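Engineer: Before I ask anything, here is the structure I am working with.
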Amino acid sequence: MKENNNITDKEYWDNYWSNYQYDSIPKKVVFEKFIPMLVKGENFIEIGGFPGIFAACFYQRGIHDVTIVDFYINKDIIRNLEKINGLPEGVIQCIESDFFTFSSDKKYDVVFSSGFIEHFEDTRDVISRHVKLLSENGQLLILIPNFLGLNGKLQKRFDRENLEAHNLQSMEISGLKEIMQSFNLHDVSVEYIGKPMLWLEPKPEHRNRRKWVKILSYAAKLFPVKGKLLSPYIAIYARK
């Protein structure tokens, strides 16, 4: 195991975000079924939250105290995101920090991350740091991409660099359930979510490939069976 637990570094994320356009807030999210419970909270924090899409989404859904913590933050991009979507300037609070040195006296009603914990080797340690941020009535939602099925085979064939930036063991349902049982939390669920979906990251070298991958993804949606083979995400939910 690496001493700092990281699989990626800032150079990786510089390259990653340089290929993205991030200006639209989704009207519907893959974790939609959890939204009615989550928006009962008064404040929200997303771990690894740059560029602030989900923080903005939760703001629009009614939680007006939203924060992101990330070791890679470009505030100009975040302020532009706010402007384009009609949000008050500065409403997305930004903490630029390595999550493993980050500490907070403030606790949060909603602790969220998406596509974060799988970039580290010690999955239990990363999740436990999420749990420590929960308020007395806090709720936890963690999303993890599923690369153990068809989508993983696609990544292995065409983007091994991206695949190797992920800890595939963190995507094992049985292991995640065992980890979650070690915390004193309630209503714990670990499940596959989302309609079948395949993707490649929007790198220049994938421009032509992404067209047929999109077609293949539409075809996969004809088989809406949840499970390791086709489901795009794993969701972990729990409450304090």
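How things are named: the first chain in the structure tokens is A, the next is B, and so on; residues count from 1 in each chain; ligands count from 1 in the order shown.
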What lies within 12 Å of Lys75 of chain A using only C-alpha atoms, ignoring chain neighbours under 2 positions off, as an MDAnalysis selection string?
Structural biologist: chainID A and resid 50:52 68 70 72:73 77:82 89:96
Engineer: With a distance cut-off of 8 Å and only C-alpha atoms, select the neighbouring residues of segment 130-138 of chain A, excluding the residue or stretch itself and same-chain residues fewer than 2 positions from it, and output the selection as a ChimeraX atom specification.
Structural biologist: /A:41,47,104,106-112,126-128,140,239-240
Engineer: Could you check which of A:Leu38, A:Leu168, A:Ile179, A:Val30 is closest to Ile193 of chain A, using only C-alpha atoms?
Structural biologist: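 Looking at the shortest contact to Ile193 of chain A, the residue is A:Val30.
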Engineer: Pick out the closest residue to Phe99 of chain A from this set: A:Glu161, A:Asp125, A:Glu42, A:Asp76. Count only C-alpha atoms.
Structural biologist: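 Among the listed residues, A:Asp125 lies closest to Phe99 of chain A.
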Engineer: Please compute the atom CA of Leu230 of chain A-atom CA of Pro26 of chain A distance, one decimal, in Å.
Structural biologist: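 So the two atoms, atom CA of Leu230 of chain A and atom CA of Pro26 of chain A, lie 22.1 Å apart.
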Engineer: Excluding Pro36 of chain A and any residue of its chain fewer than 3 positions from it, enumerate the residues within 12 Å of it, using only C-alpha atoms, and give them as a PDB file with C-alpha atoms, in the first residue's frame.
Structural biologist:
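And here is the file that came out, result32.pdb:
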ATOM      1  CA  PHE A  31     -29.353   8.933  -7.282  1.00  0.00           C
ATOM      2  CA  GLU A  32     -32.743  10.620  -7.643  1.00  0.00           C
ATOM      3  CA  LYS A  33     -34.482   8.172  -5.300  1.00  0.00           C
ATOM      4  CA  VAL A  39     -32.857  17.493   1.022  1.00  0.00           C
ATOM      5  CA  LYS A  40     -34.281  17.421   4.542  1.00  0.00           C
ATOM      6  CA  GLY A  41     -30.799  18.437   5.667  1.00  0.00           C
ATOM      7  CA  PHE A  58     -28.352  20.368  -4.025  1.00  0.00           C
ATOM      8  CA  ARG A  61     -33.046  21.372  -4.526  1.00  0.00           C
ATOM      9  CA  GLY A  62     -33.249  23.476  -1.365  1.00  0.00           C
ATOM     10  CA  ILE A  63     -30.047  23.049   0.703  1.00  0.00           C
ATOM     11  CA  GLN A 139     -26.961  11.250   6.056  1.00  0.00           C
TER      12      GLN A 139
END
Engineer: Can you list, as JSON, numbers by chain, all residues belonging to segment 15-182 of chain A that DSSP tags as strand (DSSP E)?
Structural biologist: {"A": [43, 44, 45, 46, 47, 65, 66, 67, 68, 69, 70, 92, 93, 94, 95, 96, 108, 109, 110, 111, 112, 113, 114, 134, 135, 136, 137, 138, 139, 140, 141, 142, 143, 144, 145]}
Engineer: Would you list the contacts of Tyr237 of chain A as a list of chain:residue names, taking every protein, DNA or RNA residue within 6 Å and counting only C-alpha atoms, but skipping same-chain residues closer than 4 positions in sequence?
Structural biologist: A:Leu140, A:Leu141, A:Val188, A:Ser189
Engineer: I'd like to know which of A:Thr67, A:Gln155, A:Asn74, A:Asn146 is closest to Ser113 of chain A, using only C-alpha atoms.
Structural biologist: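 Checking each of A:Thr67, A:Gln155, A:Asn74, A:Asn146 against Ser113 of chain A, counting only C-alpha atoms, the winner is A:Thr67.
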Engineer: Find the residue from A:His64, A:Lys27, A:Lys83, A:Arg124 that sits nearest to Ser182 of chain A; use only C-alpha atoms when measuring.
Structural biologist: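 Of the candidates, the smallest distance to Ser182 of chain A is held by A:Arg124.
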Engineer: Can you tell me which residues surround Leu229 of chain A at a distance of at most 10 Å, considering only C-alpha atoms, apart from same-chain residues fewer than 4 positions away, and format the answer as a list in words?
Structural biologist: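 Once the nearby chain positions are removed, what remains is Asn146, Phe147, Leu148, Gly149, Leu150, Asn151, Gly152, Pro196 and Val225 of chain A.
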Engineer: Considering only C-alpha atoms, state which residue in the set A:Asn85, A:Ser114, A:Ser170, A:Thr101 is at the smallest distance from Glu46 of chain A.
Structural biologist: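 Among A:Asn85, A:Ser114, A:Ser170, A:Thr101, it is A:Ser114 that comes nearest to Glu46 of chain A.
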Engineer: If you run DSSP on this backbone, which residues of segment 61-173 of chain A come out as alpha helix (DSSP H), and could you give them as a PDB file with C-alpha atoms, in the first residue's frame?
Structural biologist:
ATOM      1  CA  LYS A  75     -12.544  29.098  -8.384  1.00  0.00           C
ATOM      2  CA  ASP A  76     -12.958  30.882 -11.722  1.00  0.00           C
ATOM      3  CA  ILE A  77     -14.615  27.757 -13.122  1.00  0.00           C
ATOM      4  CA  ILE A  78     -16.869  27.451 -10.069  1.00  0.00           C
ATOM      5  CA  ARG A  79     -17.932  31.110 -10.191  1.00  0.00           C
ATOM      6  CA  ASN A  80     -18.677  30.731 -13.895  1.00  0.00           C
ATOM      7  CA  LEU A  81     -20.793  27.666 -13.108  1.00  0.00           C
ATOM      8  CA  GLU A  82     -22.771  29.730 -10.609  1.00  0.00           C
ATOM      9  CA  LYS A  83     -23.231  32.597 -13.080  1.00  0.00           C
ATOM     10  CA  ILE A  84     -24.384  30.418 -15.978  1.00  0.00           C
ATOM     11  CA  THR A 123     -11.425   2.023   1.139  1.00  0.00           C
ATOM     12  CA  ARG A 124     -12.452   1.671   4.773  1.00  0.00           C
ATOM     13  CA  ASP A 125     -10.253   4.585   5.827  1.00  0.00           C
ATOM     14  CA  VAL A 126     -11.746   6.887   3.168  1.00  0.00           C
ATOM     15  CA  ILE A 127     -15.312   5.974   4.107  1.00  0.00           C
ATOM     16  CA  SER A 128     -14.597   6.414   7.818  1.00  0.00           C
ATOM     17  CA  ARG A 129     -13.436   9.979   7.130  1.00  0.00           C
ATOM     18  CA  HIS A 130     -16.783  10.638   5.450  1.00  0.00           C
ATOM     19  CA  VAL A 131     -18.609   9.216   8.470  1.00  0.00           C
ATOM     20  CA  LEU A 150     -18.806  -4.577 -19.217  1.00  0.00           C
ATOM     21  CA  ASN A 151     -17.771  -0.959 -18.697  1.00  0.00           C
ATOM     22  CA  GLY A 152     -14.560  -2.086 -17.041  1.00  0.00           C
ATOM     23  CA  LYS A 153     -13.720  -4.300 -19.994  1.00  0.00           C
ATOM     24  CA  LEU A 154     -14.242  -1.274 -22.249  1.00  0.00           C
ATOM     25  CA  GLN A 155     -11.869   0.807 -20.116  1.00  0.00           C
ATOM     26  CA  LYS A 156      -9.294  -1.977 -20.105  1.00  0.00           C
ATOM     27  CA  ARG A 157      -9.364  -2.187 -23.896  1.00  0.00           C
ATOM     28  CA  PHE A 158      -9.318   1.524 -24.726  1.00  0.00           C
ATOM     29  CA  ARG A 160      -6.083   1.383 -19.338  1.00  0.00           C
ATOM     30  CA  GLU A 161      -4.635   4.564 -17.803  1.00  0.00           C
ATOM     31  CA  ASN A 162      -8.071   5.545 -16.539  1.00  0.00           C
ATOM     32  CA  LEU A 163      -8.803   2.044 -15.279  1.00  0.00           C
ATOM     33  CA  GLU A 164      -5.528   1.929 -13.355  1.00  0.00           C
ATOM     34  CA  ILE A 173     -20.404  -5.039  -3.097  1.00  0.00           C
TER      35      ILE A 173
END
Engineer: Record the distance separating atom CA of His186 of chain A and atom CA of Ile35 of chain A, expressed in Å with one decimal.
Structural biologist: 17.3 Å
